[in-house]
Each structure stands twice: as C-alpha cells, then as structure tokens.
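Each remark here refers to the structure printed beneath this line.
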Amino acid sequence: MNHKPIPTLDMLSETGQTVNEALVEQTLGRFRVEYRKAGKQDELFTPNHVKYQVAIYLDEELILVADYQCNPSAVGLPDGASVLRSVIQDAQSYAEADDMAAFLCEFGYCSGNESNLRSGIKAYEACKRFHEDISNHGVSVCDIFQFFTFCEDNDINADIETVDRDADGNTVLN
C-alpha cells in the first residue's frame, strides 16, 4: 500500500508551512496501536517490566508486530503514543548508529560481561527490525521521530488511537 507521505519538518519549511498542533494530530492520528499483555513474561529488562505484544497500523495497514516492554509502576500502562514513540526511538537509534559496534557502545553494551554483550546484540537486532519493518511500508522513521521530537519540545500531547486487548484478543474496556 502506498501511504500518503508523512510530512517532514524540512519539507514544511521549504513550502513555507509551519508545524502546528493540528498538523501533528493529523499526521500521528493516522496511526493505531493495539496491544495485549504477552502470555510469556520472560527476558524482561527488569523484574518490574511487563512484556506486551503490539501491532502498529498506519492508515489501517499493519506495519509492525513486535514485543514491547515498559515498567507500569514507573510510567503507567502503555498507550498508543508511548508505544509508538518508543518503537520509533528504537528504530531511529538503529538508523543513527554507524554500525553494530557503535550502537553497542552508545547504549553501554560494550563494557561488562558476555551476557551484557548478547543483550546488546538482541537490542540492536530488534531496533534494526523495527526500522526495516516500518521503512518497508514506505514510512520514514526519521520523519515520525521528528514529529515526536516536535511534540516533546512544544508540550504537545500526541493522541494515537489505542486498543487494549486481553489474552484472547478481545477489546478491554478501561
């Protein structure tokens, strides 16, 4: 599916347009995030983390299925914006790294034991997959990342449709 392009901040400035809250809402509003708590809670970042299975849609087309972890006791339950922002930040981290070694050092996986290095390689591979899966659907990770950065810099709350599902796939009403 060819998506209507995500406008970039550079493209907007070239045409004399400015980013505003309405444009951000219109752009990020094209995404939908569905998630459910994963049945198997293994390989968690910390004992306080919870693993979720997420599906991210753009213009009703599925663009990514992945595991996602967060610490609800620290950040609350996930919502569409936090899940999408996290996945985009991970994908952007991969894009900005010159290679795996640079990624591993940037995120502190170079020092320590072999287990730490294995964890870093898994993180790199996951970020790479996020980037490739999203990019393969004609979406620029960098462009979406710029919109989230704009939201954070300007205290704009990104509102993204979120569907919370139970283990059987049924919608959970909060």
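Chain labels A, B, ... are given in the sequence in which chains occur in the structure tokens; within each chain residues are numbered consecutively from 1, and ligands are likewise numbered from 1 in the order shown.
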(request) Considering only C-alpha atoms, return as a list in words whatever protein or nucleic-acid residues lie within 7 Å of Ile63 (chain A), sequence-local ones (same chain, fewer than 4 positions apart) excluded. (result)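 So the residues in contact are Ile56, Tyr57, Leu58, Asp133, Ile134 and His137 of chain A.
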(request) Using DSSP on the backbone, list every residue of chain A that comes out as strand (DSSP E or B), and give them as a PyMOL selection string. (result) chain A and resi 31-37+50-58+61-70+161-165+171
(message) Report as an MDAnalysis selection string all protein, DNA and RNA residues lying within 12 Å of Val65 (chain A), evaluated on only C-alpha atoms, omitting residues in the same chain fewer than 5 positions from it.
(response) chainID A and resid 33:36 52:57 83:84 87 126 129:130 133:134
(request) Report the distance between CA of Leu104 (chain A) and CA of Gly120 (chain A) in Å, rounded to one decimal place. (result)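 Between these atoms lies a distance of 5.8 Å.
One finds CA of Phe145 (chain A) at 19.1 Å from CA of Glu125 (chain A).
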(request) Would you kindly return, as a ChimeraX atom specification, each protein, DNA or RNA residue with an atom no farther than 7 Å from any atom of Val50 (chain A), considering only C-alpha atoms and excluding same-chain residues fewer than 6 positions away? (result) /A:41,69-71
Please, could you write that set of residues out with N, CA and C atoms as a compact mmCIF listing (two decimals), in the first residue's frame?
# COMPACT_ATOMS: atom_id res chain seq x y z
N GLN A 41 6.04 -14.02 30.15
CA GLN A 41 6.77 -12.86 30.69
C GLN A 41 8.22 -13.25 30.96
N GLN A 69 8.22 -3.64 25.91
CA GLN A 69 8.27 -3.71 27.37
C GLN A 69 8.22 -2.32 27.97
N CYS A 70 7.53 -2.23 29.09
CA CYS A 70 7.58 -0.99 29.86
C CYS A 70 7.44 -1.35 31.33
N ASN A 71 7.69 -0.39 32.18
CA ASN A 71 7.59 -0.57 33.61
C ASN A 71 6.36 0.22 34.09
(request) Take CA of Ile144 (chain A) and CA of Leu117 (chain A) and report the distance between them in Å, one decimal. (result)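 Between these atoms lies a distance of 29.3 Å.
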(request) Going by DSSP on the backbone, which bits of region 68-141 of chain A are helix (DSSP H, G or I)? Write them as a PyMOL selection string, please. (result) chain A and resi 72-75+80-96+100-106+114-135+141
Write the residues of the preceding selection, restricted to N, CA and C atoms, as a compact mmCIF listing (two decimals), in the first residue's frame.
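That gives us again.txt:
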# COMPACT_ATOMS: atom_id res chain seq x y z
N PRO A 72 5.19 -0.43 34.16
CA PRO A 72 3.97 0.28 34.52
C PRO A 72 4.04 0.97 35.88
N SER A 73 4.82 0.43 36.81
CA SER A 73 4.91 1.08 38.13
C SER A 73 5.65 2.42 38.03
N ALA A 74 6.45 2.59 36.99
CA ALA A 74 7.19 3.85 36.82
C ALA A 74 6.49 4.79 35.83
N VAL A 75 5.90 4.23 34.76
CA VAL A 75 5.37 5.09 33.69
C VAL A 75 3.88 4.89 33.44
N GLY A 80 -1.07 4.36 23.09
CA GLY A 80 -0.61 4.38 21.71
C GLY A 80 0.59 5.27 21.49
N ALA A 81 0.56 6.46 22.07
CA ALA A 81 1.66 7.41 21.86
C ALA A 81 2.96 6.90 22.48
N SER A 82 2.89 6.36 23.70
CA SER A 82 4.13 5.89 24.34
C SER A 82 4.71 4.68 23.62
N VAL A 83 3.85 3.78 23.15
CA VAL A 83 4.33 2.60 22.43
C VAL A 83 4.97 3.02 21.11
N LEU A 84 4.25 3.84 20.32
CA LEU A 84 4.77 4.26 19.02
C LEU A 84 6.05 5.07 19.20
N ARG A 85 6.08 5.98 20.17
CA ARG A 85 7.28 6.79 20.41
C ARG A 85 8.47 5.90 20.75
N SER A 86 8.26 4.91 21.59
CA SER A 86 9.34 4.01 21.99
C SER A 86 9.87 3.22 20.80
N VAL A 87 8.96 2.67 20.00
CA VAL A 87 9.38 1.89 18.83
C VAL A 87 10.12 2.78 17.84
N ILE A 88 9.62 3.99 17.63
CA ILE A 88 10.27 4.92 16.69
C ILE A 88 11.64 5.33 17.22
N GLN A 89 11.75 5.59 18.52
CA GLN A 89 13.06 5.94 19.09
C GLN A 89 14.05 4.79 18.92
N ASP A 90 13.59 3.56 19.12
CA ASP A 90 14.46 2.40 18.93
C ASP A 90 14.92 2.30 17.48
N ALA A 91 13.97 2.44 16.56
CA ALA A 91 14.31 2.37 15.13
C ALA A 91 15.26 3.49 14.74
N GLN A 92 15.04 4.67 15.29
CA GLN A 92 15.91 5.81 14.98
C GLN A 92 17.31 5.59 15.56
N SER A 93 17.39 4.95 16.72
CA SER A 93 18.70 4.64 17.31
C SER A 93 19.50 3.75 16.38
N TYR A 94 18.83 2.77 15.78
CA TYR A 94 19.50 1.92 14.80
C TYR A 94 19.97 2.76 13.61
N ALA A 95 19.09 3.62 13.11
CA ALA A 95 19.41 4.43 11.92
C ALA A 95 20.58 5.37 12.16
N GLU A 96 20.71 5.87 13.36
CA GLU A 96 21.77 6.84 13.66
C GLU A 96 23.11 6.18 13.97
N MET A 100 26.89 -1.88 14.19
CA MET A 100 26.53 -2.54 15.43
C MET A 100 27.46 -2.15 16.58
N ALA A 101 28.75 -2.06 16.31
CA ALA A 101 29.70 -1.72 17.37
C ALA A 101 29.40 -0.34 17.95
N ALA A 102 29.09 0.62 17.08
CA ALA A 102 28.76 1.97 17.55
C ALA A 102 27.49 1.94 18.40
N PHE A 103 26.50 1.17 17.95
CA PHE A 103 25.25 1.05 18.71
C PHE A 103 25.53 0.47 20.09
N LEU A 104 26.29 -0.63 20.13
CA LEU A 104 26.58 -1.29 21.40
C LEU A 104 27.29 -0.36 22.37
N CYS A 105 28.25 0.41 21.87
CA CYS A 105 28.98 1.34 22.74
C CYS A 105 28.10 2.51 23.17
N GLU A 106 27.30 3.02 22.26
CA GLU A 106 26.42 4.15 22.55
C GLU A 106 25.46 3.83 23.69
N GLU A 114 29.81 -11.07 28.95
CA GLU A 114 29.30 -11.62 27.70
C GLU A 114 27.77 -11.54 27.62
N SER A 115 27.12 -11.72 28.75
CA SER A 115 25.66 -11.63 28.81
C SER A 115 25.19 -10.23 28.41
N ASN A 116 25.89 -9.22 28.89
CA ASN A 116 25.57 -7.83 28.54
C ASN A 116 25.71 -7.61 27.03
N LEU A 117 26.77 -8.15 26.46
CA LEU A 117 27.00 -8.03 25.02
C LEU A 117 25.90 -8.74 24.23
N ARG A 118 25.51 -9.94 24.67
CA ARG A 118 24.41 -10.66 23.99
C ARG A 118 23.11 -9.86 24.06
N SER A 119 22.86 -9.24 25.21
CA SER A 119 21.66 -8.41 25.34
C SER A 119 21.72 -7.23 24.37
N GLY A 120 22.90 -6.65 24.24
CA GLY A 120 23.07 -5.52 23.31
C GLY A 120 22.84 -5.92 21.87
N ILE A 121 23.32 -7.09 21.50
CA ILE A 121 23.13 -7.58 20.13
C ILE A 121 21.64 -7.82 19.88
N LYS A 122 20.94 -8.38 20.86
CA LYS A 122 19.49 -8.58 20.72
C LYS A 122 18.78 -7.24 20.57
N ALA A 123 19.19 -6.25 21.35
CA ALA A 123 18.58 -4.92 21.26
C ALA A 123 18.83 -4.31 19.88
N TYR A 124 20.06 -4.43 19.39
CA TYR A 124 20.41 -3.91 18.07
C TYR A 124 19.56 -4.56 16.99
N GLU A 125 19.45 -5.88 17.06
CA GLU A 125 18.68 -6.62 16.05
C GLU A 125 17.20 -6.22 16.10
N ALA A 126 16.66 -6.01 17.30
CA ALA A 126 15.26 -5.59 17.43
C ALA A 126 15.06 -4.20 16.85
N CYS A 127 15.97 -3.28 17.15
CA CYS A 127 15.87 -1.91 16.62
C CYS A 127 16.00 -1.92 15.10
N LYS A 128 16.88 -2.75 14.59
CA LYS A 128 17.06 -2.89 13.14
C LYS A 128 15.78 -3.41 12.50
N ARG A 129 15.17 -4.42 13.11
CA ARG A 129 13.93 -4.98 12.57
C ARG A 129 12.81 -3.95 12.59
N PHE A 130 12.70 -3.18 13.69
CA PHE A 130 11.69 -2.13 13.75
C PHE A 130 11.88 -1.18 12.58
N HIS A 131 13.13 -0.74 12.38
CA HIS A 131 13.43 0.21 11.31
C HIS A 131 13.07 -0.37 9.95
N GLU A 132 13.49 -1.59 9.70
CA GLU A 132 13.23 -2.21 8.40
C GLU A 132 11.75 -2.45 8.16
N ASP A 133 11.04 -2.96 9.17
CA ASP A 133 9.61 -3.24 9.00
C ASP A 133 8.83 -1.96 8.71
N ILE A 134 9.14 -0.91 9.43
CA ILE A 134 8.43 0.36 9.22
C ILE A 134 8.82 0.95 7.87
N SER A 135 10.11 0.97 7.55
CA SER A 135 10.59 1.54 6.29
C SER A 135 10.06 0.76 5.09
N VAL A 141 11.10 6.54 9.27
CA VAL A 141 11.24 6.56 10.72
C VAL A 141 11.70 7.95 11.17
(message) When you count only C-alpha atoms, which of these residues is closest to Lys51 (chain A): A:Cys110, A:Ala97, A:Val163, A:Ala66?
(response)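 The closest residue to Lys51 (chain A) is A:Ala66.
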(message) Counting only C-alpha atoms, which residue out of A:Cys142, A:Asn136, A:Tyr68, A:Gly76 sits closest to Lys37 (chain A)?
(response)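 Comparing A:Cys142, A:Asn136, A:Tyr68, A:Gly76 against Lys37 (chain A), the winner is A:Tyr68.
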